[in-house]
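Q: Have a look at this one.
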Amino acid sequence: MYFSSDNWAGAHPKIAESLSRHASGFSVAYGESALDKKIEAQFNRIFEREVSVFFVGTGTAANSLALSSLNRPGGVSFCHRGAHIIEDECGAPEFFSHGARLAPVDGQNGKLDPALLEREIARFPAEFIHAGQPMAVSITQASEIGTVYSTDEIDRISNICKAHGLPLHMDGARFANALASQQISPAEMTWRRGVDIMSFGATKNGCWCAEALVVFDPQKAREMPFLRKRAAHLFSKTRFISAQLEAYFEDDLWLEMASHANAMSKMLQEGITSSQDARLAWKADANEVFAIIPHQRSEAMLAAGAQFHEWKPPQNVADGMAKDEVLIRLVTSFATTRQHVEQFVGQLN
């Protein structure tokens, strides 16, 4: 019963096989191999336009490089208060951008509230030099709490960005899960909604170590090769990232894995809803489920071998919890089985 994180799951067998197949022989280094070029072309097909793609090793690197490429003197990027870039990346976005700041914005269900975003941007008027200047807005898709922005919600945020001349970044660590949830194309969820640059995550969805930075206007990516090299994320054997992505995209394996993880999430939510001792904290759209259970039951399940994390509840959720209750996070993956879910739900009852 491994629900601690989709990072705990290994690599899908087809991805492991592709790595092994490309491990022998010789190939041009530093992203110039035929395989690397093949995968770059695949990104063009997936997003239905020419894009610039930069392979990196971690999502933190992708996010940090994205924001550093958008940096301005005294720059400020706006993100949800619970976003990964502000809560879980140890200051890397600020470090990579040489001191640019992250400004938290509130919003229900893990998503930026457009009205509050407008209010926060207004705190940095152009004529007040001491405050610094807005440089970007970042949204997380799927969010850190398993919810997904609709296209209309992205449009509203994108329109604010356009009105203020701000680029829009998407942290897509669980992008495939968001796509599977919304049943729309990658293009419809990103550049057609006004997204300028995105962190494309694959590690959480069945890869070993495969992340990419996607710039939707190649003319705005001219400095990115130097930023990536300076950040020590220009892999000499880039083909091993490409080898993973080759299998990842083949026959839409990436969407198949994400759809399975989402289906297991739905099954898990149904089991929690039917339990007398647990309840959903909110409805999840993707593969992260949050439930409220008695602390004693949480301790017993952990002792019995279940793997999950107790989570700090948002204030609006904490207000409705009893003193003996805790919020737990449960994450499904391509490797989650119906048996895992049934066994976990069985322990709840």
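Residue names in the structure tokens use chain letters A, B, ... in the order shown, residue numbers from 1 in each chain, and ligand numbers from 1 in the order shown.
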Can I get the residues of range 83-169 of chain A within 12 Å of range 211-231 of chain A, each with the closest pair of atoms and their distance in Å to one decimal, using only C-alpha atoms, sorted chain first then ascending number, as JSON lines?

A:
{"residue": "A:Ala92", "atom": "CA", "partner": "A:Ala231", "partner_atom": "CA", "distance": 10.7}
{"residue": "A:Pro93", "atom": "CA", "partner": "A:Ala231", "partner_atom": "CA", "distance": 11.5}
{"residue": "A:Phe95", "atom": "CA", "partner": "A:Ala231", "partner_atom": "CA", "distance": 10.5}
{"residue": "A:Phe96", "atom": "CA", "partner": "A:Ala231", "partner_atom": "CA", "distance": 7.6}
{"residue": "A:Ser97", "atom": "CA", "partner": "A:Leu227", "partner_atom": "CA", "distance": 9.9}
{"residue": "A:His98", "atom": "CA", "partner": "A:Ala231", "partner_atom": "CA", "distance": 12.0}
{"residue": "A:Pro167", "atom": "CA", "partner": "A:Lys220", "partner_atom": "CA", "distance": 10.9}
{"residue": "A:Leu168", "atom": "CA", "partner": "A:Val215", "partner_atom": "CA", "distance": 10.9}
{"residue": "A:His169", "atom": "CA", "partner": "A:Val215", "partner_atom": "CA", "distance": 9.6}

Q: Apply DSSP to the backbone of this structure and, from range 98-296 of chain A, keep only the residues in alpha helix (DSSP H); write these as a VMD selection string.

A: chain A and resid 114 to 121 151 to 164 175 to 182 186 to 189 224 to 230 239 to 249 253 to 273 295 to 296

Q: Counting only C-alpha atoms, which residues of range 17-78 of chain A sit at most 8 Å from some atom of range 196-201 of chain A, and what is each one's closest atom pair with its distance in Å to one decimal, listed by chain and rising residue number, as a tab-separated table?

A:
residue	atom	partner	partner_atom	distance
A:Gly59	CA	A:Gly201	CA	6.5
A:Ala62	CA	A:Ser199	CA	5.4
A:Asn63	CA	A:Ser199	CA	5.9
A:Ala66	CA	A:Ile197	CA	6.9

Q: Suppose we keep C-alpha atoms; can you now write the selection as a short mmCIF file (atom, residue, chain, number, x, y, z; two decimals), in the first residue's frame?

A:
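out_24.cif was written with the following content:
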data_model
loop_
_atom_site.label_atom_id
_atom_site.label_comp_id
_atom_site.auth_asym_id
_atom_site.auth_seq_id
_atom_site.Cartn_x
_atom_site.Cartn_y
_atom_site.Cartn_z
CA GLY A 59 11.55 19.46 -11.76
CA ALA A 62 13.08 23.13 -14.75
CA ASN A 63 11.09 25.52 -12.56
CA ALA A 66 12.10 28.89 -16.28
#

Q: Pick out the residues sitting within 10 Å of Asn109 in chain A, and hand them over as a PyMOL selection string; count only C-alpha atoms, and ignore anything fewer than 5 positions along from it in its own chain.

A: chain A and resi 143-149+282-284+314

Q: Okay, now the selection with all heavy atoms, as a CSV table (one decimal), in the first residue's frame?

A:
chain,number,residue,atom,x,y,z
A,143,SER,N,-2.5,20.9,-9.6
A,143,SER,CA,-2.0,21.6,-8.4
A,143,SER,C,-1.4,20.7,-7.4
A,143,SER,O,-1.5,19.5,-7.5
A,143,SER,CB,-3.2,22.4,-7.8
A,143,SER,OG,-4.0,21.6,-7.0
A,144,GLU,N,-0.9,21.3,-6.3
A,144,GLU,CA,-0.3,20.6,-5.2
A,144,GLU,C,-1.3,19.8,-4.4
A,144,GLU,O,-0.9,19.0,-3.6
A,144,GLU,CB,0.5,21.5,-4.3
A,144,GLU,CG,1.8,22.1,-5.0
A,144,GLU,CD,2.8,21.0,-5.3
A,144,GLU,OE1,3.3,20.4,-4.3
A,144,GLU,OE2,3.1,20.7,-6.5
A,145,ILE,N,-2.5,20.1,-4.6
A,145,ILE,CA,-3.5,19.3,-3.8
A,145,ILE,C,-4.5,18.5,-4.7
A,145,ILE,O,-5.6,18.1,-4.3
A,145,ILE,CB,-4.3,20.3,-2.9
A,145,ILE,CG1,-5.2,21.2,-3.7
A,145,ILE,CG2,-3.4,21.0,-1.9
A,145,ILE,CD1,-6.2,22.0,-2.8
A,146,GLY,N,-4.0,18.2,-5.9
A,146,GLY,CA,-4.7,17.2,-6.7
A,146,GLY,C,-5.9,17.8,-7.5
A,146,GLY,O,-6.6,17.1,-8.2
A,147,THR,N,-6.0,19.2,-7.5
A,147,THR,CA,-7.0,19.8,-8.3
A,147,THR,C,-6.4,20.2,-9.7
A,147,THR,O,-5.2,20.3,-9.8
A,147,THR,CB,-7.6,21.0,-7.6
A,147,THR,OG1,-6.6,21.9,-7.2
A,147,THR,CG2,-8.4,20.6,-6.4
A,148,VAL,N,-7.3,20.5,-10.6
A,148,VAL,CA,-6.8,20.9,-12.0
A,148,VAL,C,-7.5,22.2,-12.4
A,148,VAL,O,-8.7,22.3,-12.3
A,148,VAL,CB,-7.1,19.7,-13.0
A,148,VAL,CG1,-6.8,20.1,-14.4
A,148,VAL,CG2,-6.3,18.5,-12.6
A,149,TYR,N,-6.7,23.1,-13.0
A,149,TYR,CA,-7.2,24.3,-13.6
A,149,TYR,C,-8.0,23.9,-14.8
A,149,TYR,O,-7.5,23.2,-15.7
A,149,TYR,CB,-6.1,25.3,-14.0
A,149,TYR,CG,-5.4,26.0,-12.9
A,149,TYR,CD1,-4.3,25.5,-12.3
A,149,TYR,CD2,-5.9,27.3,-12.5
A,149,TYR,CE1,-3.6,26.2,-11.3
A,149,TYR,CE2,-5.2,28.0,-11.5
A,149,TYR,CZ,-4.1,27.4,-10.9
A,149,TYR,OH,-3.4,28.1,-9.9
A,282,TRP,N,-11.4,17.3,0.2
A,282,TRP,CA,-11.9,18.0,-1.0
A,282,TRP,C,-11.8,17.0,-2.2
A,282,TRP,O,-11.1,16.0,-2.1
A,282,TRP,CB,-11.1,19.2,-1.4
A,282,TRP,CG,-9.7,19.0,-1.5
A,282,TRP,CD1,-9.0,18.5,-2.5
A,282,TRP,CD2,-8.7,19.3,-0.5
A,282,TRP,NE1,-7.6,18.4,-2.2
A,282,TRP,CE2,-7.4,18.9,-1.0
A,282,TRP,CE3,-8.8,19.9,0.8
A,282,TRP,CZ2,-6.3,19.1,-0.2
A,282,TRP,CZ3,-7.6,20.0,1.6
A,282,TRP,CH2,-6.4,19.6,1.0
A,283,LYS,N,-12.6,17.2,-3.2
A,283,LYS,CA,-12.6,16.3,-4.4
A,283,LYS,C,-11.3,16.5,-5.2
A,283,LYS,O,-10.9,17.7,-5.5
A,283,LYS,CB,-13.8,16.6,-5.2
A,283,LYS,CG,-13.9,15.7,-6.5
A,283,LYS,CD,-15.1,16.0,-7.3
A,283,LYS,CE,-15.1,15.1,-8.6
A,283,LYS,NZ,-14.0,15.3,-9.5
A,284,ALA,N,-10.6,15.5,-5.5
A,284,ALA,CA,-9.4,15.5,-6.3
A,284,ALA,C,-9.7,15.2,-7.8
A,284,ALA,O,-10.5,14.4,-8.1
A,284,ALA,CB,-8.4,14.5,-5.8
A,314,PRO,N,-4.9,23.1,5.3
A,314,PRO,CA,-5.1,24.5,5.1
A,314,PRO,C,-6.1,25.0,6.2
A,314,PRO,O,-6.8,24.2,6.7
A,314,PRO,CB,-5.8,24.5,3.7
A,314,PRO,CG,-5.5,23.2,3.1
A,314,PRO,CD,-5.3,22.3,4.2

Q: Once you count only C-alpha atoms, what closest atom pair and distance in Å to one decimal does each residue of range 219-284 of chain A within 9 Å of range 331-345 of chain A have, with rows by chain and rising residue number, as a Markdown table?

A:
| residue | atom | partner | partner_atom | distance |
| --- | --- | --- | --- | --- |
| A:Glu256 | CA | A:Phe334 | CA | 8.4 |
| A:Met257 | CA | A:Phe334 | CA | 4.9 |
| A:Ala258 | CA | A:Phe334 | CA | 6.6 |
| A:Ser259 | CA | A:Phe334 | CA | 8.3 |
| A:His260 | CA | A:Phe334 | CA | 5.9 |
| A:Ala261 | CA | A:Ser333 | CA | 4.5 |
| A:Asn262 | CA | A:Thr332 | CA | 7.3 |
| A:Ala263 | CA | A:Thr332 | CA | 8.9 |
| A:Met264 | CA | A:Thr332 | CA | 6.3 |
| A:Ser265 | CA | A:Thr332 | CA | 5.9 |
| A:Met267 | CA | A:Val341 | CA | 7.3 |
| A:Leu268 | CA | A:Val341 | CA | 5.9 |
| A:Gly271 | CA | A:Val345 | CA | 5.7 |
| A:Ile272 | CA | A:Val345 | CA | 6.7 |
| A:Ser275 | CA | A:Val345 | CA | 7.8 |

Q: Which one is closest to His80 in chain A: A:Ser33, A:Ser138, A:Asn7, A:Ser52? Count only C-alpha atoms.

A: A:Ser138

Q: What are the DSSP strand (DSSP E) residues of range 142-310 of chain A, as a PDB file with C-alpha atoms, in the first residue's frame?

A:
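Below is the file selection_17.pdb, written as the result:
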ATOM      1  CA  LEU A 168       2.880  32.836 -17.686  1.00  0.00           C
ATOM      2  CA  HIS A 169       4.763  29.762 -16.459  1.00  0.00           C
ATOM      3  CA  MET A 170       3.171  26.372 -15.873  1.00  0.00           C
ATOM      4  CA  ASP A 171       4.717  23.905 -13.450  1.00  0.00           C
ATOM      5  CA  GLY A 172       3.673  20.640 -15.098  1.00  0.00           C
ATOM      6  CA  ILE A 197       6.893  28.469 -20.786  1.00  0.00           C
ATOM      7  CA  MET A 198       6.357  25.228 -18.928  1.00  0.00           C
ATOM      8  CA  SER A 199       8.152  22.650 -16.831  1.00  0.00           C
ATOM      9  CA  PHE A 200       7.240  19.306 -18.388  1.00  0.00           C
ATOM     10  CA  GLY A 201       7.413  16.543 -15.811  1.00  0.00           C
ATOM     11  CA  GLU A 211      12.136  16.465 -17.037  1.00  0.00           C
ATOM     12  CA  ALA A 212      12.078  19.147 -19.704  1.00  0.00           C
ATOM     13  CA  LEU A 213      11.680  22.870 -20.060  1.00  0.00           C
ATOM     14  CA  VAL A 214       9.417  23.822 -22.975  1.00  0.00           C
ATOM     15  CA  VAL A 215       9.479  27.343 -24.409  1.00  0.00           C
ATOM     16  CA  ARG A 279     -13.960  11.677   4.727  1.00  0.00           C
ATOM     17  CA  LEU A 280     -12.503  13.510   1.764  1.00  0.00           C
ATOM     18  CA  GLU A 288      -3.403  13.198  -5.165  1.00  0.00           C
ATOM     19  CA  VAL A 289      -6.126  12.441  -2.626  1.00  0.00           C
ATOM     20  CA  PHE A 290      -6.509  14.168   0.739  1.00  0.00           C
ATOM     21  CA  ALA A 291      -8.578  12.609   3.492  1.00  0.00           C
ATOM     22  CA  ILE A 292      -9.398  13.367   7.108  1.00  0.00           C
ATOM     23  CA  ILE A 293      -9.181  10.416   9.494  1.00  0.00           C
ATOM     24  CA  PRO A 294      -8.810   9.909  13.250  1.00  0.00           C
ATOM     25  CA  HIS A 309       2.022  11.206   4.752  1.00  0.00           C
ATOM     26  CA  GLU A 310       0.148  13.179   7.356  1.00  0.00           C
TER      27      GLU A 310
END

Q: Have a look at CA of Ser18 in chain A and CA of Ala176 in chain A and let me know their distance in Å, one decimal.

A: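 The value is 19.9 Å.
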
Q: Determine the nearest neighbour of Pro114 in chain A from the options A:Arg156, A:Lys38, A:His295, A:His130, counting only C-alpha atoms.

A: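 Distance minimum relative to Pro114 in chain A lands on A:Arg156.
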
Q: CA of Ser185 in chain A and CA of Leu35 in chain A, how far apart in Å?

A: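 Pair CA of Leu35 in chain A / CA of Ser185 in chain A returns 24.3 Å.
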
Q: With only C-alpha atoms as the counted atoms, please give the residues lying no more than 7 Å from Thr238 in chain A, apart from itself and same-chain residues fewer than 4 positions off, as a list in words.

A: Ala29, Tyr30, Gly31 and Ser242 of chain A

Q: With C-alpha atoms retained, write the just-selected residues as a tab-separated table (two decimals), in the first residue's frame.

A:
chain	number	residue	atom	x	y	z
A	29	ALA	CA	26.87	14.00	-26.49
A	30	TYR	CA	25.25	17.13	-25.06
A	31	GLY	CA	21.84	16.78	-26.69
A	242	SER	CA	15.55	11.03	-24.52

Q: Let me make sure I understand: among A:Ile241, A:Cys207, A:Ala278, A:Val317, which one has the smallest atom-to-atom distance to Ile15 in chain A if we use only C-alpha atoms?

A: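 Comparing A:Ile241, A:Cys207, A:Ala278, A:Val317 against Ile15 in chain A, the winner is A:Cys207.
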
Q: Would you list the contacts of Leu116 in chain A as a PyMOL selection string, taking every protein, DNA or RNA residue within 9 Å and counting only C-alpha atoms, but skipping same-chain residues closer than 3 positions in sequence?

A: chain A and resi 105-107+112-113+119-121

Q: Neighbouring residues of Tyr2 in chain A were defined as those with any atom within 9 Å, considering only C-alpha atoms; residues of the same chain fewer than 2 positions away were excluded. Please report them as a list of chain:residue names.

A: A:Ser4, A:Ser5, A:Asp6, A:Trp8, A:Ala9, A:Gly305, A:Ala306, A:Gln307, A:Phe308, A:Leu330, A:Val331, A:Thr332, A:Thr336, A:His340

Q: Include all heavy atoms and write out the residues we just selected as a JSON list (two decimals), in the first residue's frame.

A:
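again.json, written as the output of this step:
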[["chain", "number", "residue", "atom", "x", "y", "z"],
["A", 4, "SER", "N", 2.61, 7.11, -0.52],
["A", 4, "SER", "CA", 3.36, 8.27, -0.05],
["A", 4, "SER", "C", 3.61, 9.28, -1.15],
["A", 4, "SER", "O", 3.50, 10.48, -0.95],
["A", 4, "SER", "CB", 4.70, 7.83, 0.56],
["A", 4, "SER", "OG", 4.49, 7.14, 1.77],
["A", 5, "SER", "N", 3.99, 8.79, -2.34],
["A", 5, "SER", "CA", 4.27, 9.70, -3.45],
["A", 5, "SER", "C", 4.38, 8.90, -4.74],
["A", 5, "SER", "O", 4.82, 7.74, -4.72],
["A", 5, "SER", "CB", 5.57, 10.47, -3.21],
["A", 5, "SER", "OG", 5.91, 11.25, -4.34],
["A", 6, "ASP", "N", 4.03, 9.54, -5.86],
["A", 6, "ASP", "CA", 4.28, 8.91, -7.15],
["A", 6, "ASP", "C", 5.78, 8.86, -7.45],
["A", 6, "ASP", "O", 6.21, 8.14, -8.36],
["A", 6, "ASP", "CB", 3.51, 9.60, -8.28],
["A", 6, "ASP", "CG", 3.41, 11.10, -8.10],
["A", 6, "ASP", "OD1", 4.12, 11.66, -7.26],
["A", 6, "ASP", "OD2", 2.61, 11.72, -8.83],
["A", 8, "TRP", "N", 7.77, 7.51, -5.47],
["A", 8, "TRP", "CA", 8.20, 6.23, -4.91],
["A", 8, "TRP", "C", 8.10, 5.10, -5.93],
["A", 8, "TRP", "O", 8.77, 4.08, -5.79],
["A", 8, "TRP", "CB", 7.35, 5.88, -3.68],
["A", 8, "TRP", "CG", 7.68, 6.67, -2.45],
["A", 8, "TRP", "CD1", 8.06, 7.98, -2.37],
["A", 8, "TRP", "CD2", 7.66, 6.19, -1.10],
["A", 8, "TRP", "NE1", 8.26, 8.35, -1.07],
["A", 8, "TRP", "CE2", 8.02, 7.27, -0.26],
["A", 8, "TRP", "CE3", 7.36, 4.97, -0.50],
["A", 8, "TRP", "CZ2", 8.11, 7.16, 1.12],
["A", 8, "TRP", "CZ3", 7.42, 4.86, 0.88],
["A", 8, "TRP", "CH2", 7.80, 5.94, 1.68],
["A", 9, "ALA", "N", 7.23, 5.26, -6.90],
["A", 9, "ALA", "CA", 7.06, 4.21, -7.91],
["A", 9, "ALA", "C", 8.30, 4.14, -8.80],
["A", 9, "ALA", "O", 8.95, 5.15, -9.07],
["A", 9, "ALA", "CB", 5.83, 4.50, -8.76],
["A", 305, "GLY", "N", 1.75, -1.04, 7.96],
["A", 305, "GLY", "CA", 2.46, -1.10, 6.70],
["A", 305, "GLY", "C", 1.97, -0.17, 5.61],
["A", 305, "GLY", "O", 2.58, -0.11, 4.53],
["A", 306, "ALA", "N", 0.88, 0.54, 5.85],
["A", 306, "ALA", "CA", 0.42, 1.51, 4.85],
["A", 306, "ALA", "C", 1.43, 2.65, 4.77],
["A", 306, "ALA", "O", 2.01, 3.06, 5.79],
["A", 306, "ALA", "CB", -0.95, 2.04, 5.23],
["A", 307, "GLN", "N", 1.65, 3.17, 3.57],
["A", 307, "GLN", "CA", 2.62, 4.24, 3.37],
["A", 307, "GLN", "C", 1.89, 5.49, 2.85],
["A", 307, "GLN", "O", 1.33, 5.48, 1.75],
["A", 307, "GLN", "CB", 3.69, 3.81, 2.36],
["A", 307, "GLN", "CG", 4.50, 2.59, 2.79],
["A", 307, "GLN", "CD", 5.43, 2.89, 3.95],
["A", 307, "GLN", "OE1", 5.87, 4.02, 4.13],
["A", 307, "GLN", "NE2", 5.72, 1.88, 4.75],
["A", 308, "PHE", "N", 1.86, 6.53, 3.65],
["A", 308, "PHE", "CA", 1.28, 7.81, 3.27],
["A", 308, "PHE", "C", 1.84, 8.87, 4.21],
["A", 308, "PHE", "O", 2.55, 8.56, 5.17],
["A", 308, "PHE", "CB", -0.26, 7.77, 3.33],
["A", 308, "PHE", "CG", -0.82, 7.38, 4.67],
["A", 308, "PHE", "CD1", -1.02, 8.33, 5.67],
["A", 308, "PHE", "CD2", -1.16, 6.06, 4.94],
["A", 308, "PHE", "CE1", -1.54, 7.98, 6.91],
["A", 308, "PHE", "CE2", -1.68, 5.69, 6.18],
["A", 308, "PHE", "CZ", -1.86, 6.66, 7.17],
["A", 330, "LEU", "N", -2.62, 10.96, -0.01],
["A", 330, "LEU", "CA", -2.48, 9.66, -0.66],
["A", 330, "LEU", "C", -2.25, 9.92, -2.14],
["A", 330, "LEU", "O", -3.05, 10.59, -2.79],
["A", 330, "LEU", "CB", -3.74, 8.82, -0.46],
["A", 330, "LEU", "CG", -4.22, 8.66, 1.00],
["A", 330, "LEU", "CD1", -5.67, 8.23, 1.03],
["A", 330, "LEU", "CD2", -3.35, 7.66, 1.74],
["A", 331, "VAL", "N", -1.15, 9.39, -2.68],
["A", 331, "VAL", "CA", -0.81, 9.63, -4.09],
["A", 331, "VAL", "C", -0.79, 8.30, -4.83],
["A", 331, "VAL", "O", -0.12, 7.35, -4.42],
["A", 331, "VAL", "CB", 0.56, 10.32, -4.22],
["A", 331, "VAL", "CG1", 0.79, 10.75, -5.67],
["A", 331, "VAL", "CG2", 0.66, 11.53, -3.29],
["A", 332, "THR", "N", -1.54, 8.25, -5.93],
["A", 332, "THR", "CA", -1.56, 7.05, -6.77],
["A", 332, "THR", "C", -0.60, 7.24, -7.94],
["A", 332, "THR", "O", -0.19, 8.35, -8.26],
["A", 332, "THR", "CB", -2.98, 6.77, -7.28],
["A", 332, "THR", "OG1", -3.45, 7.93, -8.00],
["A", 332, "THR", "CG2", -3.93, 6.48, -6.13],
["A", 336, "THR", "N", 0.15, 1.74, -9.02],
["A", 336, "THR", "CA", -0.90, 1.44, -8.05],
["A", 336, "THR", "C", -1.87, 0.43, -8.64],
["A", 336, "THR", "O", -2.26, 0.53, -9.80],
["A", 336, "THR", "CB", -1.67, 2.72, -7.67],
["A", 336, "THR", "OG1", -0.75, 3.70, -7.20],
["A", 336, "THR", "CG2", -2.70, 2.44, -6.59],
["A", 340, "HIS", "N", -4.10, -2.70, -4.08],
["A", 340, "HIS", "CA", -3.55, -1.72, -3.13],
["A", 340, "HIS", "C", -4.68, -0.86, -2.56],
["A", 340, "HIS", "O", -4.74, -0.61, -1.34],
["A", 340, "HIS", "CB", -2.54, -0.81, -3.84],
["A", 340, "HIS", "CG", -1.31, -1.48, -4.28],
["A", 340, "HIS", "ND1", -0.56, -1.04, -5.35],
["A", 340, "HIS", "CD2", -0.65, -2.59, -3.81],
["A", 340, "HIS", "CE1", 0.49, -1.84, -5.51],
["A", 340, "HIS", "NE2", 0.44, -2.79, -4.59]]

Q: From the list A:Gln244, A:Gln296, A:Asn44, A:Gln315, which residue is nearest Leu19 in chain A when using only C-alpha atoms?

A: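 Once distances to Leu19 in chain A are computed over only C-alpha atoms, the minimum belongs to A:Gln244.
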
Q: Of the candidates A:Ala180, A:Leu245, A:Val56, A:Leu327, which one gets nearest to Ala41 in chain A if we count only C-alpha atoms?

A: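 Smallest separation from Ala41 in chain A among the options: A:Leu245.
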
Q: Find the residues near Ser77 in chain A: any atom within 10 Å, counting only C-alpha atoms, skip ones fewer than 4 places away on the same chain, and give them as an MDAnalysis selection string.

A: chainID A and resid 67 70:72 93:94 100:104 121 133:138 166:169

Q: Now that the selection is made, can you save its residues with N, CA, C and O atoms as an mmCIF file, in the first residue's frame?

A:
data_model
loop_
_atom_site.group_PDB
_atom_site.id
_atom_site.type_symbol
_atom_site.label_atom_id
_atom_site.label_comp_id
_atom_site.auth_asym_id
_atom_site.auth_seq_id
_atom_site.Cartn_x
_atom_site.Cartn_y
_atom_site.Cartn_z
ATOM 1 N N LEU A 67 11.995 30.386 -14.393
ATOM 2 C CA LEU A 67 11.847 31.701 -13.769
ATOM 3 C C LEU A 67 13.100 32.554 -13.944
ATOM 4 O O LEU A 67 13.004 33.772 -14.122
ATOM 5 N N LEU A 70 13.108 34.464 -17.088
ATOM 6 C CA LEU A 70 12.135 35.557 -17.145
ATOM 7 C C LEU A 70 12.501 36.696 -16.204
ATOM 8 O O LEU A 70 11.732 37.650 -16.044
ATOM 9 N N ASN A 71 13.667 36.618 -15.609
ATOM 10 C CA ASN A 71 14.042 37.536 -14.537
ATOM 11 C C ASN A 71 14.152 38.981 -15.007
ATOM 12 O O ASN A 71 14.515 39.265 -16.155
ATOM 13 N N ARG A 72 13.838 39.885 -14.080
ATOM 14 C CA ARG A 72 14.019 41.321 -14.255
ATOM 15 C C ARG A 72 14.696 41.861 -12.997
ATOM 16 O O ARG A 72 14.595 41.246 -11.934
ATOM 17 N N PRO A 93 14.443 28.582 -6.900
ATOM 18 C CA PRO A 93 14.041 29.586 -7.901
ATOM 19 C C PRO A 93 14.652 30.956 -7.625
ATOM 20 O O PRO A 93 15.073 31.649 -8.560
ATOM 21 N N GLU A 94 14.719 31.342 -6.360
ATOM 22 C CA GLU A 94 15.348 32.624 -6.011
ATOM 23 C C GLU A 94 16.854 32.578 -6.261
ATOM 24 O O GLU A 94 17.447 33.534 -6.774
ATOM 25 N N ALA A 100 15.600 37.134 -7.294
ATOM 26 C CA ALA A 100 14.201 37.440 -7.582
ATOM 27 C C ALA A 100 13.319 36.764 -6.534
ATOM 28 O O ALA A 100 13.646 35.699 -6.014
ATOM 29 N N ARG A 101 12.219 37.391 -6.213
ATOM 30 C CA ARG A 101 11.372 36.907 -5.119
ATOM 31 C C ARG A 101 10.121 36.202 -5.633
ATOM 32 O O ARG A 101 9.697 36.396 -6.774
ATOM 33 N N LEU A 102 9.536 35.393 -4.750
ATOM 34 C CA LEU A 102 8.263 34.738 -5.012
ATOM 35 C C LEU A 102 7.214 35.361 -4.096
ATOM 36 O O LEU A 102 7.399 35.410 -2.878
ATOM 37 N N ALA A 103 6.135 35.841 -4.676
ATOM 38 C CA ALA A 103 5.064 36.458 -3.905
ATOM 39 C C ALA A 103 3.882 35.495 -3.843
ATOM 40 O O ALA A 103 3.326 35.126 -4.882
ATOM 41 N N PRO A 104 3.474 35.065 -2.648
ATOM 42 C CA PRO A 104 2.365 34.113 -2.541
ATOM 43 C C PRO A 104 1.012 34.785 -2.759
ATOM 44 O O PRO A 104 0.772 35.904 -2.317
ATOM 45 N N ILE A 121 -0.433 41.963 -7.730
ATOM 46 C CA ILE A 121 0.351 42.655 -8.761
ATOM 47 C C ILE A 121 0.310 44.160 -8.524
ATOM 48 O O ILE A 121 1.317 44.871 -8.711
ATOM 49 N N GLN A 133 9.753 44.899 -9.271
ATOM 50 C CA GLN A 133 8.794 44.873 -10.383
ATOM 51 C C GLN A 133 8.321 43.453 -10.678
ATOM 52 O O GLN A 133 9.087 42.486 -10.584
ATOM 53 N N PRO A 134 7.046 43.311 -11.031
ATOM 54 C CA PRO A 134 6.528 41.989 -11.420
ATOM 55 C C PRO A 134 7.298 41.444 -12.621
ATOM 56 O O PRO A 134 7.668 42.206 -13.527
ATOM 57 N N MET A 135 7.537 40.132 -12.614
ATOM 58 C CA MET A 135 8.268 39.536 -13.746
ATOM 59 C C MET A 135 7.575 38.318 -14.334
ATOM 60 O O MET A 135 7.806 37.964 -15.485
ATOM 61 N N ALA A 136 6.711 37.627 -13.568
ATOM 62 C CA ALA A 136 6.065 36.417 -14.090
ATOM 63 C C ALA A 136 4.956 35.964 -13.153
ATOM 64 O O ALA A 136 4.890 36.368 -11.984
ATOM 65 N N VAL A 137 4.102 35.105 -13.682
ATOM 66 C CA VAL A 137 3.094 34.398 -12.891
ATOM 67 C C VAL A 137 3.294 32.907 -13.145
ATOM 68 O O VAL A 137 3.575 32.494 -14.277
ATOM 69 N N SER A 138 3.174 32.110 -12.089
ATOM 70 C CA SER A 138 3.353 30.658 -12.223
ATOM 71 C C SER A 138 2.134 29.933 -11.676
ATOM 72 O O SER A 138 1.652 30.246 -10.584
ATOM 73 N N LEU A 166 3.083 40.277 -18.413
ATOM 74 C CA LEU A 166 3.814 39.266 -17.638
ATOM 75 C C LEU A 166 3.739 37.901 -18.324
ATOM 76 O O LEU A 166 2.654 37.455 -18.715
ATOM 77 N N PRO A 167 4.860 37.210 -18.480
ATOM 78 C CA PRO A 167 4.820 35.837 -19.001
ATOM 79 C C PRO A 167 4.187 34.883 -17.995
ATOM 80 O O PRO A 167 4.264 35.094 -16.778
ATOM 81 N N LEU A 168 3.552 33.841 -18.517
ATOM 82 C CA LEU A 168 2.880 32.836 -17.686
ATOM 83 C C LEU A 168 3.643 31.523 -17.755
ATOM 84 O O LEU A 168 3.858 30.971 -18.831
ATOM 85 N N HIS A 169 4.053 31.037 -16.583
ATOM 86 C CA HIS A 169 4.763 29.762 -16.459
ATOM 87 C C HIS A 169 3.823 28.709 -15.900
ATOM 88 O O HIS A 169 3.005 28.995 -15.023
#

Q: Can you work out the spacing between CA of Glu188 in chain A and CA of Lys37 in chain A in Å, to one decimal?

A: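 Separation between CA of Glu188 in chain A and CA of Lys37 in chain A: 24.2 Å.
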